[in-house]
$ cat query-v7.tsv   # TSV, C-alpha atoms and all ligand atoms
chain	number	residue	atom	x	y	z
J	604	MET	CA	7.43	74.88	-53.13
J	605	GLU	CA	10.05	76.02	-50.67
J	606	ASN	CA	8.81	74.38	-47.47
J	607	THR	CA	7.81	71.02	-48.78
J	608	TYR	CA	9.29	68.02	-47.07
J	609	ASP	CA	9.39	64.38	-48.00
J	610	TYR	CA	9.68	63.23	-44.39
J	611	LEU	CA	8.70	64.53	-40.96
J	612	LEU	CA	10.90	62.92	-38.33
J	613	VAL	CA	9.85	63.09	-34.69
J	614	GLY	CA	12.87	63.29	-32.37
J	615	ALA	CA	16.44	64.23	-33.25
J	616	GLY	CA	18.14	61.15	-31.76
J	617	LEU	CA	20.53	58.81	-33.56
J	618	TYR	CA	17.75	56.92	-35.31
J	619	SER	CA	16.19	59.99	-36.93
J	620	ALA	CA	19.61	61.46	-37.66
J	621	VAL	CA	20.74	58.34	-39.54
J	622	PHE	CA	17.46	58.22	-41.44
J	623	ALA	CA	17.77	61.92	-42.32
J	624	TRP	CA	21.35	61.41	-43.50
J	625	HIS	CA	20.36	58.58	-45.86
J	626	ALA	CA	17.23	60.36	-47.08
J	627	THR	CA	19.18	63.57	-47.78
J	628	ARG	CA	21.75	61.62	-49.78
J	629	HIS	CA	18.87	60.26	-51.86
J	630	GLY	CA	17.65	63.77	-52.61
J	631	LYS	CA	14.83	63.84	-50.04
J	632	ARG	CA	14.05	66.73	-47.70
J	633	CYS	CA	13.51	66.11	-44.00
J	634	LEU	CA	11.99	68.18	-41.23
J	635	VAL	CA	13.05	67.01	-37.77
J	636	VAL	CA	11.12	68.15	-34.70
J	637	GLU	CA	12.69	67.64	-31.28
J	638	ARG	CA	11.04	68.37	-27.95
J	639	ARG	CA	14.32	68.85	-26.10
J	640	LYS	CA	16.35	72.03	-26.45
J	641	HIS	CA	19.14	70.18	-28.24
J	642	PRO	CA	19.49	67.52	-30.96
J	643	GLY	CA	21.18	64.13	-30.40
J	644	GLY	CA	18.68	62.45	-28.09
J	645	ASN	CA	20.45	60.39	-25.44
J	646	LEU	CA	23.79	60.82	-27.19
J	647	TYR	CA	23.93	64.55	-26.46
J	648	CYS	CA	27.21	65.74	-24.91
J	649	GLU	CA	28.26	68.87	-23.09
J	650	CYS	CA	31.87	69.93	-23.11
J	651	VAL	CA	33.00	70.53	-19.52
J	652	GLU	CA	36.61	71.68	-19.15
J	653	GLY	CA	37.54	69.94	-22.39
J	654	ILE	CA	35.75	66.68	-21.54
J	655	ASN	CA	32.71	65.61	-23.57
J	656	VAL	CA	30.30	64.61	-20.84
J	657	HIS	CA	27.52	62.27	-22.04
J	658	CYS	CA	24.59	64.04	-20.39
J	659	TYR	CA	22.21	61.05	-20.44
J	660	GLY	CA	24.73	58.37	-19.45
J	661	PRO	CA	27.81	56.99	-21.18
J	662	HIS	CA	27.38	55.73	-24.73
J	663	ILE	CA	29.73	53.49	-26.69
J	664	PHE	CA	29.05	52.84	-30.34
J	665	HIS	CA	29.48	49.13	-31.09
J	666	THR	CA	28.87	46.94	-34.11
J	667	SER	CA	30.25	43.81	-35.74
J	668	ASP	CA	29.25	45.06	-39.18
J	669	LYS	CA	32.28	46.49	-40.95
J	670	LYS	CA	30.09	48.37	-43.43
J	671	ILE	CA	28.38	50.26	-40.57
J	672	TRP	CA	31.72	50.94	-38.86
J	673	ASP	CA	33.27	52.25	-42.11
J	674	THR	CA	30.21	54.40	-42.78
J	675	VAL	CA	30.20	56.13	-39.38
J	676	ASN	CA	33.97	56.62	-39.57
J	677	SER	CA	33.58	58.25	-42.98
J	678	ILE	CA	31.31	60.83	-41.31
J	679	VAL	CA	33.47	61.47	-38.22
J	680	PRO	CA	36.53	59.56	-36.99
J	681	PHE	CA	35.95	57.29	-33.99
J	682	ASN	CA	38.48	56.44	-31.28
J	683	ASN	CA	39.00	52.84	-30.10
J	684	PHE	CA	37.36	53.12	-26.69
J	685	ILE	CA	36.65	49.69	-25.20
J	686	ASN	CA	34.19	49.65	-22.32
J	687	THR	CA	35.76	47.83	-19.36
J	688	PRO	CA	33.64	48.87	-16.38
J	689	LEU	CA	34.72	48.69	-12.76
J	690	ALA	CA	32.30	48.21	-9.88
J	691	ARG	CA	33.07	49.41	-6.39
J	692	TYR	CA	31.82	47.44	-3.41
J	693	GLY	CA	33.09	48.72	-0.06
J	694	ASN	CA	36.68	49.68	-0.65
J	695	ARG	CA	37.33	47.15	-3.38
J	696	LEU	CA	37.08	47.37	-7.15
J	697	TYR	CA	35.79	44.55	-9.34
J	698	ASN	CA	35.94	44.13	-13.09
J	699	LEU	CA	32.68	43.71	-14.99
J	700	PRO	CA	31.21	41.83	-16.77
J	701	PHE	CA	31.76	38.84	-14.47
J	702	ASN	CA	34.93	37.14	-15.68
J	703	MET	CA	38.12	35.53	-14.38
J	704	ASN	CA	39.48	38.93	-13.30
J	705	THR	CA	36.35	39.43	-11.16
J	706	PHE	CA	36.67	35.96	-9.63
J	707	CYS	CA	40.36	36.50	-8.93
J	708	GLN	CA	39.49	39.78	-7.14
J	709	MET	CA	36.61	38.16	-5.27
J	710	TRP	CA	37.96	34.73	-4.33
J	711	GLY	CA	41.65	34.88	-5.23
J	712	CYS	CA	41.25	32.01	-7.68
J	713	LEU	CA	43.65	31.87	-10.61
J	714	SER	CA	42.18	29.25	-12.94
J	715	PRO	CA	38.80	28.66	-14.61
J	716	ALA	CA	38.63	25.27	-12.86
J	717	GLU	CA	38.89	26.91	-9.42
J	718	ALA	CA	36.31	29.57	-10.34
J	719	SER	CA	33.87	26.95	-11.70
J	720	ALA	CA	34.19	24.92	-8.53
J	721	ILE	CA	33.34	27.95	-6.36
J	722	LEU	CA	30.47	28.96	-8.63
J	723	ARG	CA	29.11	25.42	-8.48
J	724	ARG	CA	29.23	25.52	-4.69
J	725	GLN	CA	27.50	28.92	-4.58
J	726	CYS	CA	24.63	28.25	-6.95
J	727	ASP	CA	22.58	25.29	-8.04
J	728	VAL	CA	23.89	24.65	-11.56
J	729	GLU	CA	21.07	22.28	-12.51
J	730	LEU	CA	18.41	24.65	-11.20
J	731	ALA	CA	20.08	27.55	-13.01
J	732	GLU	CA	19.93	25.55	-16.24
J	733	GLN	CA	16.22	24.84	-15.72
J	734	LEU	CA	15.60	28.54	-15.05
J	735	LEU	CA	17.37	29.53	-18.26
J	736	ARG	CA	15.32	26.97	-20.20
J	737	GLY	CA	12.12	28.34	-18.63
J	738	HIS	CA	11.28	24.99	-16.96
J	739	VAL	CA	11.05	26.62	-13.53
J	740	GLU	CA	10.41	30.20	-12.48
J	741	ALA	CA	11.94	32.32	-9.72
J	742	GLN	CA	9.55	34.30	-7.53
J	743	ASN	CA	11.56	37.52	-7.73
J	744	LEU	CA	14.80	39.05	-8.99
J	745	GLU	CA	16.75	38.19	-5.84
J	746	GLU	CA	15.89	34.53	-6.11
J	747	GLN	CA	16.72	34.53	-9.83
J	748	ALA	CA	20.14	36.15	-9.29
J	749	LEU	CA	21.04	33.91	-6.35
J	750	ARG	CA	20.25	30.82	-8.38
J	751	LEU	CA	22.18	32.05	-11.42
J	752	VAL	CA	25.36	33.45	-9.85
J	753	GLY	CA	25.27	32.70	-6.12
J	754	ARG	CA	25.54	34.75	-2.95
J	755	ASP	CA	28.93	36.50	-3.30
J	756	ILE	CA	28.36	37.96	-6.77
J	757	TYR	CA	24.75	38.82	-5.94
J	758	ASP	CA	25.60	40.64	-2.70
J	759	ARG	CA	28.59	42.56	-4.06
J	760	LEU	CA	27.80	43.20	-7.72
J	761	VAL	CA	24.08	42.83	-8.38
J	762	LYS	CA	22.03	43.84	-5.33
J	763	GLY	CA	23.13	47.45	-4.66
J	764	TYR	CA	23.28	48.49	-8.32
J	765	THR	CA	19.91	46.94	-9.19
J	766	GLU	CA	18.13	48.39	-6.15
J	767	LYS	CA	19.56	51.85	-6.87
J	768	GLN	CA	18.54	51.57	-10.52
J	769	TRP	CA	14.97	50.45	-9.86
J	770	GLY	CA	14.44	52.18	-6.50
J	771	ARG	CA	13.05	48.96	-4.92
J	772	PRO	CA	14.43	45.94	-3.03
J	773	CYS	CA	15.43	43.08	-5.35
J	774	ALA	CA	13.03	40.78	-3.51
J	775	GLU	CA	10.19	43.04	-4.70
J	776	LEU	CA	11.31	43.15	-8.33
J	777	PRO	CA	10.10	40.65	-10.94
J	778	ALA	CA	12.56	37.91	-11.91
J	779	PHE	CA	12.29	38.55	-15.67
J	780	ILE	CA	14.33	41.79	-15.40
J	781	ILE	CA	17.49	39.68	-15.34
J	782	ARG	CA	16.93	36.65	-17.53
J	783	ARG	CA	20.60	35.74	-17.54
J	784	LEU	CA	23.78	36.99	-15.91
J	785	PRO	CA	26.57	35.95	-18.27
J	786	VAL	CA	29.66	34.52	-16.58
J	787	ARG	CA	32.94	34.29	-18.53
J	788	LEU	CA	35.68	31.92	-17.53
J	789	THR	CA	38.27	33.94	-19.47
J	790	PHE	CA	40.29	37.03	-18.48
J	791	ASP	CA	38.22	39.36	-20.67
J	792	ASN	CA	36.88	42.67	-19.32
J	793	ASN	CA	35.38	43.81	-22.64
J	794	TYR	CA	31.73	44.74	-21.99
J	795	PHE	CA	30.57	44.28	-25.58
J	796	ASP	CA	31.25	41.34	-27.86
J	797	ASP	CA	31.27	43.43	-31.04
J	798	SER	CA	34.39	43.68	-33.21
J	799	TYR	CA	34.18	47.44	-33.69
J	800	GLN	CA	33.74	49.82	-30.74
J	801	GLY	CA	34.42	53.47	-30.08
J	802	ILE	CA	33.26	57.03	-29.45
J	803	PRO	CA	33.43	59.83	-32.03
J	804	VAL	CA	36.59	61.90	-31.64
J	805	GLY	CA	35.34	65.27	-30.39
J	806	GLY	CA	32.09	63.80	-29.05
J	807	TYR	CA	28.72	62.64	-30.37
J	808	ASN	CA	27.46	66.15	-31.15
J	809	ARG	CA	29.83	66.25	-34.13
J	810	LEU	CA	28.35	63.03	-35.51
J	811	ILE	CA	24.76	64.15	-34.99
J	812	GLY	CA	25.53	67.60	-36.46
J	813	LYS	CA	26.87	66.01	-39.65
J	814	LEU	CA	24.04	63.50	-39.92
J	815	LEU	CA	21.46	66.30	-39.64
J	816	SER	CA	23.36	68.85	-41.70
J	817	GLY	CA	21.09	68.56	-44.78
J	818	SER	CA	17.82	68.68	-42.81
J	819	ASP	CA	15.75	71.37	-41.12
J	820	VAL	CA	15.69	70.85	-37.36
J	821	VAL	CA	13.19	72.53	-35.04
J	822	LEU	CA	14.08	72.24	-31.34
J	823	ASP	CA	11.89	72.68	-28.26
J	824	CYS	CA	8.92	71.45	-30.24
J	825	ASP	CA	6.80	68.51	-29.03
J	826	TYR	CA	5.15	66.78	-31.99
J	827	ILE	CA	2.19	65.63	-29.86
J	828	LYS	CA	1.48	69.19	-28.69
I	1	LIG	C1	22.19	55.41	-19.82
I	1	LIG	C2	22.14	54.82	-21.22
I	1	LIG	C3	23.30	54.28	-21.76
I	1	LIG	C4	23.26	53.73	-23.03
I	1	LIG	N1	24.42	53.24	-23.54
I	1	LIG	C5	24.44	52.75	-24.78
I	1	LIG	C6	25.66	52.30	-25.37
I	1	LIG	O1	26.71	52.34	-24.73
I	1	LIG	N2	25.63	51.82	-26.64
I	1	LIG	C7	24.45	51.76	-27.36
I	1	LIG	O2	24.49	51.30	-28.50
I	1	LIG	N3	23.30	52.19	-26.84
I	1	LIG	C8	23.25	52.67	-25.59
I	1	LIG	N4	22.07	53.14	-25.05
I	1	LIG	C9	20.88	53.11	-25.88
I	1	LIG	C10	20.96	54.40	-26.73
I	1	LIG	O3	20.51	55.52	-25.99
I	1	LIG	C11	20.22	54.25	-28.00
I	1	LIG	O4	20.69	53.14	-28.74
I	1	LIG	C12	20.25	55.45	-28.93
I	1	LIG	O5	20.82	56.63	-28.42
I	1	LIG	C13	18.80	55.66	-29.17
I	1	LIG	O6	18.61	56.58	-30.20
I	1	LIG	P1	17.15	56.92	-30.64
I	1	LIG	O7	17.23	57.96	-31.71
I	1	LIG	O8	16.40	55.69	-30.97
I	1	LIG	O9	16.43	57.48	-29.31
I	1	LIG	P2	16.76	58.74	-28.39
I	1	LIG	O10	18.21	59.02	-28.27
I	1	LIG	O11	15.98	58.50	-27.13
I	1	LIG	O12	16.10	59.94	-29.20
I	1	LIG	C14	14.72	60.10	-29.29
I	1	LIG	C15	14.44	61.59	-29.31
I	1	LIG	O13	13.06	61.77	-29.61
I	1	LIG	C16	12.61	62.89	-28.85
I	1	LIG	N5	11.14	62.81	-28.77
I	1	LIG	C17	10.41	61.83	-28.22
I	1	LIG	N6	9.10	62.11	-28.33
I	1	LIG	C18	9.01	63.30	-28.98
I	1	LIG	C19	7.91	64.13	-29.38
I	1	LIG	N7	6.64	63.80	-29.12
I	1	LIG	N8	8.17	65.28	-30.05
I	1	LIG	C20	9.45	65.64	-30.31
I	1	LIG	N9	10.53	64.90	-29.93
I	1	LIG	C21	10.31	63.74	-29.28
I	1	LIG	C22	13.32	62.73	-27.53
I	1	LIG	O14	13.36	63.97	-26.82
I	1	LIG	C23	14.71	62.27	-27.98
I	1	LIG	O15	15.60	63.35	-28.14
I	1	LIG	C24	22.05	53.68	-23.78
I	1	LIG	C25	20.90	54.24	-23.22
I	1	LIG	C26	20.93	54.81	-21.96
I	1	LIG	C27	19.68	55.40	-21.38
$ encode --input "query-v7.tsv" --output "structure tokens"
Amino acid sequence: MENTYDYLLVGAGLYSAVFAWHATRHGKRCLVVERRKHPGGNLYCECVEGINVHCYGPHIFHTSDKKIWDTVNSIVPFNNFINTPLARYGNRLYNLPFNMNTFCQMWGCLSPAEASAILRRQCDVELAEQLLRGHVEAQNLEEQALRLVGRDIYDRLVKGYTEKQWGRPCAELPAFIIRRLPVRLTFDNNYFDDSYQGIPVGGYNRLIGKLLSGSDVVLDCDYIK
């Protein structure tokens, strides 16, 4: 029969697309239904003046598994984009995640020993350890962050971003949202720890298009409805 499928996949994001790609290679037929007007889920890009804008927020593909990296690169080539975010507070820029570059920008310190000493003065190291072990609990996110990283980092690099993200004051947010705030005492701005990182050359739509190329995709179709 012509319209018989082996799998019905709800949503045309990366997960379904990868599944469809594998299933198709094993001779299976997939029907993918997607409620948005485009495939790709949160990876969807729009080309604006030659720039692939990630419509749902920036996405960097990262893995430490060489097999996965080789597989995606066999479908579309990836560039070597390394995510090294910058945060702006007032008129100053700070490297994230928190590392020696951040501490140098914030306190002018040049060595891990100097940074550790300042961090120790700003937060209660023993209490932070007990929090991480779950022996004590903070009442809210503000208290948790202050105990883990101290006043300067909290005020400049945690508070504004978190309150904007959640739309509520940190003192009214539950502590569990930020279990830990990793601090590196090395000069390393790399956001992810994975060995392989990048973005498909030409944007994610190319990757999704190839992954879904053997499947039937119906857009603007909510499975629940
Ligand atoms: C701002 C942001 C930044 C991110 N950055 C990164 C990053 O840098 N690196 C990383 O690895 N991950 C990142 N992620 C996570 C990333 O989005 C996911 O890992 C990945 O894109 C999820 O793919 P998915 O297929 O599981 O889900 P989605 O991309 O969410 O796709 C699910 C699809 O299912 C559709 N759908 C849902 N319900 C129905 C229904 N009833 N009927 C039909 N269709 C339906 C949705 O419309 C959607 O298109 C980020 C997420 C966000 C929000």
$ atom_distance --input "query-v7.tsv" --atom1 "CA of Gly653 (chain J)" --atom2 "CA of Val635 (chain J)"
29.1 Å
$ atom_distance --input "query-v7.tsv" --atom1 "CA of Asn792 (chain J)" --atom2 "CA of Pro700 (chain J)"
6.3 Å
$ residues_near_ligand --input "query-v7.tsv" --ligand "ligand LIG 1 (chain I)" --cutoff "6 Å" --atoms "only C-alpha atoms and all ligand atoms" --output "list of chain:residue names"
J:Val613, J:Gly614, J:Ala615, J:Gly616, J:Leu617, J:Tyr618, J:Ser619, J:Val636, J:Glu637, J:Arg638, J:Arg639, J:Gly644, J:Asn645, J:Leu646, J:Tyr659, J:Gly660, J:Pro661, J:His662, J:Ile663, J:Phe664, J:Cys824, J:Asp825, J:Tyr826, J:Ile827
$ atom_distance --input "query-v7.tsv" --atom1 "CA of Asn683 (chain J)" --atom2 "CA of Ile802 (chain J)"
7.1 Å
$ closest_residue --input "query-v7.tsv" --among "J:Phe779, J:Cys633, J:Tyr794, J:Asn606" --to "Gly737 (chain J)" --atoms "all atoms listed in the file"
J:Phe779
$ residues_around --input "query-v7.tsv" --residues "region 684-690 of chain J" --least-positions-apart "5" --cutoff "9 Å" --atoms "all atoms listed in the file" --output "JSON, numbers by chain"
{"J": [663, 695, 696, 697, 698, 699, 700, 759, 760, 791, 792, 793, 794, 795, 800, 801, 802]}
$ closest_residue --input "query-v7.tsv" --among "J:Lys813, J:Arg750, J:Lys828, J:Arg787" --to "Ile678 (chain J)" --atoms "all atoms listed in the file"
J:Lys813
$ residues_around --input "query-v7.tsv" --residues "Leu788 (chain J)" --least-positions-apart "2" --cutoff "12 Å" --atoms "all atoms listed in the file" --output "number ranges by chain"
J: 700-707, 712-720, 722, 785-786, 790-792
$ axis_aligned_box --input "query-v7.tsv" --around "region 655-671 of chain J" --padding-each-side "6 Å" --output "JSON"
{"center_x": 27.5, "center_y": 54.7, "center_z": -31.4, "size_x": 22.5, "size_y": 33.8, "size_z": 36.0}
$ closest_residue --input "query-v7.tsv" --among "J:Lys631, J:Lys767, J:Arg754, J:Lys640" --to "Ile721 (chain J)" --atoms "only C-alpha atoms"
J:Arg754
$ residues_near_point --input "query-v7.tsv" --point "(30.3, 47.6, -37.8)" --cutoff "12 Å" --atoms "all atoms listed in the file" --output "list in words"
Phe664, His665, Thr666, Ser667, Asp668, Lys669, Lys670, Ile671, Trp672, Asp673, Thr674, Val675, Asn676, Phe681, Asp796, Asp797, Ser798, Tyr799, Gln800 and Gly801 of chain J
$ residues_around --input "query-v7.tsv" --residues "Val656 (chain J)" --least-positions-apart "5" --cutoff "10 Å" --atoms "all atoms listed in the file" --output "PDB file with C-alpha atoms, keeping the file's coordinate frame"
ATOM      1  CA  LEU J 646      23.790  60.820 -27.190  1.00  0.00           C
ATOM      2  CA  TYR J 647      23.930  64.550 -26.460  1.00  0.00           C
ATOM      3  CA  CYS J 648      27.210  65.740 -24.910  1.00  0.00           C
ATOM      4  CA  GLU J 649      28.260  68.870 -23.090  1.00  0.00           C
ATOM      5  CA  CYS J 650      31.870  69.930 -23.110  1.00  0.00           C
ATOM      6  CA  VAL J 651      33.000  70.530 -19.520  1.00  0.00           C
ATOM      7  CA  PRO J 661      27.810  56.990 -21.180  1.00  0.00           C
ATOM      8  CA  GLY J 806      32.090  63.800 -29.050  1.00  0.00           C
ATOM      9  CA  TYR J 807      28.720  62.640 -30.370  1.00  0.00           C
TER      10      TYR J 807
END
$ closest_residue --input "query-v7.tsv" --among "J:Gly643, J:Arg771, J:His738, J:Lys762" --to "Ala620 (chain J)" --atoms "only C-alpha atoms"
J:Gly643
$ residues_around --input "query-v7.tsv" --residues "Val761 (chain J)" --least-positions-apart "2" --cutoff "12 Å" --atoms "only C-alpha atoms" --output "ChimeraX atom specification"
/J:690-692,697,699-701,744-749,751-759,763-769,772-773,781,784
$ residues_around --input "query-v7.tsv" --residues "Phe622 (chain J)" --least-positions-apart "6" --cutoff "10 Å" --atoms "only C-alpha atoms" --output "PyMOL selection string"
chain J and resi 610+612+628+633+814-815
$ write_last_selection --input "query-v7.tsv" --atoms "C-alpha atoms" --output "compact mmCIF listing (two decimals), keeping the file's coordinate frame"
# COMPACT_ATOMS: atom_id res chain seq x y z
CA TYR J 610 9.68 63.23 -44.39
CA LEU J 612 10.90 62.92 -38.33
CA ARG J 628 21.75 61.62 -49.78
CA CYS J 633 13.51 66.11 -44.00
CA LEU J 814 24.04 63.50 -39.92
CA LEU J 815 21.46 66.30 -39.64
$ build_atoms --input "query-v7.tsv" --residues "region 791-809 of chain J" --atoms "N, CA and C atoms" --output "mmCIF file, keeping the file's coordinate frame"
data_model
loop_
_atom_site.group_PDB
_atom_site.id
_atom_site.type_symbol
_atom_site.label_atom_id
_atom_site.label_comp_id
_atom_site.auth_asym_id
_atom_site.auth_seq_id
_atom_site.Cartn_x
_atom_site.Cartn_y
_atom_site.Cartn_z
ATOM 1 N N ASP J 791 38.662 38.422 -19.633
ATOM 2 C CA ASP J 791 38.220 39.360 -20.670
ATOM 3 C C ASP J 791 37.246 40.366 -20.063
ATOM 4 N N ASN J 792 37.711 41.629 -19.940
ATOM 5 C CA ASN J 792 36.880 42.670 -19.320
ATOM 6 C C ASN J 792 36.029 43.440 -20.327
ATOM 7 N N ASN J 793 36.081 43.074 -21.589
ATOM 8 C CA ASN J 793 35.380 43.810 -22.640
ATOM 9 C C ASN J 793 33.857 43.665 -22.481
ATOM 10 N N TYR J 794 33.175 44.777 -22.284
ATOM 11 C CA TYR J 794 31.730 44.740 -21.990
ATOM 12 C C TYR J 794 30.922 44.234 -23.178
ATOM 13 N N PHE J 795 31.320 44.681 -24.382
ATOM 14 C CA PHE J 795 30.570 44.280 -25.580
ATOM 15 C C PHE J 795 31.336 43.202 -26.339
ATOM 16 N N ASP J 796 30.605 42.385 -27.074
ATOM 17 C CA ASP J 796 31.250 41.340 -27.860
ATOM 18 C C ASP J 796 31.607 41.817 -29.267
ATOM 19 N N ASP J 797 31.107 43.001 -29.650
ATOM 20 C CA ASP J 797 31.270 43.430 -31.040
ATOM 21 C C ASP J 797 32.724 43.725 -31.423
ATOM 22 N N SER J 798 33.020 43.501 -32.710
ATOM 23 C CA SER J 798 34.390 43.680 -33.210
ATOM 24 C C SER J 798 34.805 45.149 -33.261
ATOM 25 N N TYR J 799 33.841 46.028 -33.522
ATOM 26 C CA TYR J 799 34.180 47.440 -33.690
ATOM 27 C C TYR J 799 33.483 48.260 -32.598
ATOM 28 N N GLN J 800 34.283 49.034 -31.860
ATOM 29 C CA GLN J 800 33.740 49.820 -30.740
ATOM 30 C C GLN J 800 34.460 51.153 -30.658
ATOM 31 N N GLY J 801 33.752 52.179 -30.259
ATOM 32 C CA GLY J 801 34.420 53.470 -30.080
ATOM 33 C C GLY J 801 33.441 54.595 -29.830
ATOM 34 N N ILE J 802 34.010 55.792 -29.692
ATOM 35 C CA ILE J 802 33.260 57.030 -29.450
ATOM 36 C C ILE J 802 33.784 58.042 -30.456
ATOM 37 N N PRO J 803 32.920 58.858 -31.062
ATOM 38 C CA PRO J 803 33.430 59.830 -32.030
ATOM 39 C C PRO J 803 34.478 60.757 -31.396
ATOM 40 N N VAL J 804 35.578 60.951 -32.107
ATOM 41 C CA VAL J 804 36.590 61.900 -31.640
ATOM 42 C C VAL J 804 35.934 63.285 -31.629
ATOM 43 N N GLY J 805 35.986 63.957 -30.487
ATOM 44 C CA GLY J 805 35.340 65.270 -30.390
ATOM 45 C C GLY J 805 33.905 65.176 -29.898
ATOM 46 N N GLY J 806 33.419 63.966 -29.652
ATOM 47 C CA GLY J 806 32.090 63.800 -29.050
ATOM 48 C C GLY J 806 30.980 63.500 -30.069
ATOM 49 N N TYR J 807 29.842 63.050 -29.519
ATOM 50 C CA TYR J 807 28.720 62.640 -30.370
ATOM 51 C C TYR J 807 28.049 63.806 -31.085
ATOM 52 N N ASN J 808 28.150 65.022 -30.506
ATOM 53 C CA ASN J 808 27.460 66.150 -31.150
ATOM 54 C C ASN J 808 27.972 66.379 -32.573
ATOM 55 N N ARG J 809 29.254 66.087 -32.780
ATOM 56 C CA ARG J 809 29.830 66.250 -34.130
ATOM 57 C C ARG J 809 29.161 65.284 -35.105
#
